[in-house]
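K.L.:
I'd like to ask you about the structure that follows.
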Amino acid sequence: MEPSPSGQWRAATTWRDVLSLPLEGLLVADFSRVLAGPLAATTLADLGATVIKVERPGVGDETRQWGPPWTDNSSSYFDSANRSKKSVELDLSDPQDLQLARELARRSDVLLENYRAGTLERKGLGYDQVAVENPRIVYTSITGFGSRGGKDLPGYDFLVQAVGGLMSITGTPGEPMKVGVALVDVLTAKDAVIGILAALRARERDGSGQRVEVNLLSSLLGSLANQASAYLATARTPVSMGNRHPSIAPYETLAAKDGHLAICCGNDAQFRKLTSVLGIPGTADDVRFASNGARVTNRDNLVRVLEKALAVDTVDAWTARLASVGVPAGRVGSIADAFDLAERLGLEPTVSVGSEAPPQTRNPITLSKTPLTRYAATPRLGEHNQDVRRWLTEARGAIRTC
C-alpha cells in the first residue's frame, strides 16, 4: 500500500498532530460554499479527514461576509461550517489555477461541490472527467432540486423550506413560518456525509469510487417523517398547528403560573402520572381523555383542564415534580439555556478551536475507541495558499492506489 496523498501532506506539515481518528489519511477537496457542502466537509474534518477548501481569490466563500456577528477571522456564520480546513484560493478561470484544481481532484479521496449543473464539467472537473484520472474518487454533488428537471433552479434553504412544505406546517395556523435555523441545509449536509461514508465503504470492496448526489428538496421530504407519511396515507395535507402534535396529546406547550412548559406524554401511563402530579387523577379516567386518540380529538377541552391545574404553581416547580415521576417536561428556554443544560448534564457541548477564536459547538458524535479530539479554527482566506500550491506541484505522479 502506497502512502495516501493526505498522508504525504501531513508528513510535510506541522498543522496538527497526527492522531488516530476514523477518517485519518482521507483527503477531501471542498469546492462547496455557503452551508450544506461546507458543513458536510467539516464533519469529515472532525472525523479526521484532511479538508482543503477551494475559494475564489479575494472573495472566498460568500458566508465570510454574512454578518454580523463578526469574528476576528470573518463571520460567525462562516465559522460554523468551516473549522479544521485548509484554505487555498484558486481562480478556475485561470489556466494555471485550473490545472492545480484538477490536480487536487486527481489526488483526493472525496470531492464536494455545489456548483450549478454543467459549471465544473466545462472546467474539466465534472465527475466523468475526474474519474478518468482518479477512478477511486467519491464525487459528491449537492444541489437544490436535483440534476434533472430542477438542475437550473437556485437552491437556498429558505426557498426550499417554502416550496418543500416545511413552512406550511411550522408556526401558528394561518401564517407560514420558516424554522429558526437553515435546517434543510443541515439535514442535507448529514445526508451527504452518510452517502460519502457509504461510497467509501463500497470502495473498500471493489476499489472504485462513484458519484454521490443529494439535493435539498429530497433531504427535506425525507425528513418530514410522520407528516409526509400522513399525507401519503390519507392524501390530506398536514397544516400548521403551532406547538401541538398532530397525533399525540398532550404533546405541546402549556401555560403555568409564570410561563410555559413543554409537556410530552407519549403514552397513557405518562398521562396518568401527569394527572396525578397535577392533583386531577380522575382526568385519566374521563372517557374524553382515557386514550391518546380521545385526547387528540378533545384536545381543546384537555388543555383547559390541564392549564387550570398548572396555573397554581411555577414552571420550574412543575418541571421538577414531573421529572421525578418520569413525565417529560421542561421550560421553553433560550439557546443560552440549552448550552447551560448540556453543560450541567455533562455533555460537553462546546470545544476550543484556539485561544484567539470563540468556542464552537462540539461534533455530536461520541466514539469510544477513536474519540473526536482534534478541532482547529476556521482558516483565513488563502491562509494555506503557499503550502497547498507547493504540494500540488510536487510529486505529481503520487496518487492513492489502495
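In the C-alpha cells, chains take the letters A, B, ... in the order shown, each chain's residues start at 1, and ligands count up from 1 in the order shown.
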Please report, as JSON lines, each residue of range 97-121 of chain A lying at most 12 Å from range 187-193 of chain A, together with the nearest pair of atoms and the separation in Å rounded to one decimal; use only C-alpha atoms, and order rows by chain and ascending residue number.
P.N.:
{"residue": "A:Val110", "atom": "CA", "partner": "A:Val193", "partner_atom": "CA", "distance": 10.7}
{"residue": "A:Leu111", "atom": "CA", "partner": "A:Ala192", "partner_atom": "CA", "distance": 11.4}
{"residue": "A:Leu112", "atom": "CA", "partner": "A:Ala192", "partner_atom": "CA", "distance": 9.1}
{"residue": "A:Glu113", "atom": "CA", "partner": "A:Ala192", "partner_atom": "CA", "distance": 10.8}
{"residue": "A:Asn114", "atom": "CA", "partner": "A:Ala192", "partner_atom": "CA", "distance": 11.4}
K.L.:
Using the selection just defined, write its residues with C-alpha atoms as a PDB file, in the first residue's frame.
P.N.:
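Okay, this is what ended up in selection.pdb:
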ATOM      1  CA  VAL A 110     -13.589  12.810  -1.840  1.00  0.00           C
ATOM      2  CA  LEU A 111     -14.652  15.873  -3.813  1.00  0.00           C
ATOM      3  CA  LEU A 112     -17.566  18.014  -2.614  1.00  0.00           C
ATOM      4  CA  GLU A 113     -19.207  20.560  -4.906  1.00  0.00           C
ATOM      5  CA  ASN A 114     -22.414  22.561  -5.192  1.00  0.00           C
TER       6      ASN A 114
END
K.L.:
Out of range 19-265 of chain A, which residues get helix (DSSP H, G or I) from DSSP, as a PyMOL selection string?
P.N.:
chain A and resi 36-46+62-65+76-79+95-107+119-122+127-133+157-163+167-169+183-206+216-223+225-234
K.L.:
Neighbouring residues of Thr237 in chain A were defined as those with any atom within 9 Å, considering only C-alpha atoms; residues of the same chain fewer than 6 positions away were excluded. Please report them as a list in words.
P.N.:
Gln227, Ala228, Ala230 and Tyr231 of chain A
K.L.:
I want to know what sits within 10 Å of range 343-358 of chain A, based on only C-alpha atoms, with residues of the same chain fewer than 5 positions away left out; could you give that as a list in words?
P.N.:
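My list of contacting residues is Thr71, Asp72, Asn73, Ser76, Asp79, Arg83, Ser84, Asp337, Ala338, Asn363, Pro364, Thr373, Arg374, Tyr375, Ala376, Ala377 and Thr378 of chain A.
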K.L.:
I need the chosen residues saved as a PDB file, in the first residue's frame, with C-alpha atoms.
P.N.:
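This is the output file again-v7.pdb:
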ATOM      1  CA  THR A  71     -15.233  37.266  14.367  1.00  0.00           C
ATOM      2  CA  ASP A  72     -11.536  38.081  14.079  1.00  0.00           C
ATOM      3  CA  ASN A  73     -11.447  35.679  11.137  1.00  0.00           C
ATOM      4  CA  SER A  76     -19.605  33.540  12.919  1.00  0.00           C
ATOM      5  CA  ASP A  79     -17.003  29.769  11.316  1.00  0.00           C
ATOM      6  CA  ARG A  83     -13.327  24.694  11.035  1.00  0.00           C
ATOM      7  CA  SER A  84     -10.285  22.444  10.710  1.00  0.00           C
ATOM      8  CA  ASP A 337     -30.315  27.889  28.389  1.00  0.00           C
ATOM      9  CA  ALA A 338     -29.722  24.929  26.082  1.00  0.00           C
ATOM     10  CA  ASN A 363     -19.471  17.458  16.971  1.00  0.00           C
ATOM     11  CA  PRO A 364     -22.374  15.494  18.481  1.00  0.00           C
ATOM     12  CA  THR A 373     -10.429  15.281  19.778  1.00  0.00           C
ATOM     13  CA  ARG A 374      -8.988  17.436  17.012  1.00  0.00           C
ATOM     14  CA  TYR A 375     -10.540  20.811  16.272  1.00  0.00           C
ATOM     15  CA  ALA A 376      -8.837  23.808  14.678  1.00  0.00           C
ATOM     16  CA  ALA A 377     -10.004  27.324  13.923  1.00  0.00           C
ATOM     17  CA  THR A 378     -11.508  28.185  10.568  1.00  0.00           C
TER      18      THR A 378
END
K.L.:
Extract, using only C-alpha atoms, all DNA, RNA and protein residues at most 12 Å from Thr119 in chain A, discarding same-chain residues fewer than 2 positions from it, and format them as number ranges by chain.
P.N.:
A: 31, 92-93, 113-117, 121-127, 141, 151-152
K.L.:
For the residues in that selection, give me C-alpha atoms as a CSV table (one decimal), in the first residue's frame.
P.N.:
chain,number,residue,atom,x,y,z
A,31,PHE,CA,-15.3,23.0,-3.7
A,92,LEU,CA,-10.9,28.4,-12.0
A,93,SER,CA,-10.9,30.8,-15.0
A,113,GLU,CA,-19.2,20.6,-4.9
A,114,ASN,CA,-22.4,22.6,-5.2
A,115,TYR,CA,-21.9,24.5,-8.4
A,116,ARG,CA,-24.7,25.0,-10.9
A,117,ALA,CA,-25.1,22.0,-13.2
A,121,GLU,CA,-17.9,20.0,-16.5
A,122,ARG,CA,-17.0,23.0,-18.6
A,123,LYS,CA,-13.8,23.3,-16.5
A,124,GLY,CA,-12.9,19.6,-16.9
A,125,LEU,CA,-13.8,19.0,-13.3
A,126,GLY,CA,-17.1,17.0,-13.7
A,127,TYR,CA,-17.4,13.6,-12.3
A,141,SER,CA,-22.7,16.9,-5.7
A,151,LYS,CA,-30.9,21.4,-12.4
A,152,ASP,CA,-31.1,25.2,-13.3
K.L.:
Would you please give, as a PyMOL selection string, all residues of range 178-288 of chain A that DSSP assigns to strand (DSSP E) based on the backbone?
P.N.:
chain A and resi 210-215+251-255+260-264
K.L.:
Would you save the residues from that selection as a compact mmCIF listing (two decimals), in the first residue's frame, using C-alpha atoms?
P.N.:
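Just written: part05.txt:
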# COMPACT_ATOMS: atom_id res chain seq x y z
CA GLN A 210 -18.73 6.66 -7.52
CA ARG A 211 -20.86 9.77 -7.69
CA VAL A 212 -22.97 10.72 -4.68
CA GLU A 213 -25.85 13.12 -5.29
CA VAL A 214 -28.03 14.81 -2.69
CA ASN A 215 -30.41 17.73 -3.02
CA TYR A 251 -47.58 16.99 23.44
CA GLU A 252 -47.30 20.78 23.38
CA THR A 253 -46.57 23.88 25.42
CA LEU A 254 -48.95 24.60 28.29
CA ALA A 255 -49.25 27.71 30.45
CA HIS A 260 -44.92 27.98 29.53
CA LEU A 261 -43.53 24.49 29.76
CA ALA A 262 -43.37 21.73 27.21
CA ILE A 263 -45.14 18.52 28.22
CA CYS A 264 -44.75 15.33 26.22
K.L.:
Pick from A:Pro250, A:Pro281, A:Gly37, A:Gly48: nearest to Pro22 in chain A, with only C-alpha atoms counted?
P.N.:
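Ranked by minimum distance to Pro22 in chain A, first place goes to A:Gly48.
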K.L.:
Restricting the calculation to only C-alpha atoms: of A:Ala199, A:Leu216, A:Leu322, A:Ala290, which residue gets closest to Val163 in chain A?
P.N.:
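Nearest to Val163 in chain A: A:Leu216.
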K.L.:
Considering only C-alpha atoms, state which residue in the set A:Pro135, A:Gly279, A:Gly180, A:Pro359 is at the smallest distance from Asp157 in chain A.
P.N.:
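With only C-alpha atoms as the atom set, the closest residue is A:Gly180.
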K.L.:
I need the residue nearest Ala29 in chain A from this list: A:His245, A:Arg56, A:Arg389, A:Arg102. Use only C-alpha atoms for the distance.
P.N.:
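Under the stated criterion, the closest residue is A:Arg102.
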K.L.:
List the spatial neighbours of Val315 in chain A as a PDB file with C-alpha atoms, in the first residue's frame - criterion: any atom at most 7 Å away, only C-alpha atoms, same-chain residues fewer than 6 positions off excluded.
P.N.:
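Contents of out_27.pdb, as written:
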ATOM      1  CA  ALA A 256     -48.294  27.592  34.116  1.00  0.00           C
ATOM      2  CA  LYS A 257     -48.277  30.364  36.737  1.00  0.00           C
ATOM      3  CA  ASP A 258     -45.200  32.191  35.388  1.00  0.00           C
ATOM      4  CA  GLY A 259     -44.718  30.958  31.827  1.00  0.00           C
ATOM      5  CA  HIS A 260     -44.924  27.982  29.528  1.00  0.00           C
ATOM      6  CA  LEU A 261     -43.528  24.489  29.755  1.00  0.00           C
ATOM      7  CA  ARG A 331     -39.159  25.084  30.459  1.00  0.00           C
TER       8      ARG A 331
END
K.L.:
Do a neighbour search on Arg288 in chain A at 7 Å with only C-alpha atoms, toss out local chain neighbours closer than 6 positions, and write the hits as a PyMOL selection string.
P.N.:
chain A and resi 294-295+298
K.L.:
Identify which of the residues A:Ser247, A:Asn134, A:Pro57, A:Leu278 lies closest to Val312 in chain A, counting only C-alpha atoms when measuring atom-to-atom distances.
P.N.:
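With only C-alpha atoms as the atom set, the closest residue is A:Leu278.
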K.L.:
Looking at A:Pro69, A:Pro246, A:Pro238, A:Pro328, which one is nearest to Lys273 in chain A, with distances taken over only C-alpha atoms?
P.N.:
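Closest candidate: A:Pro328.
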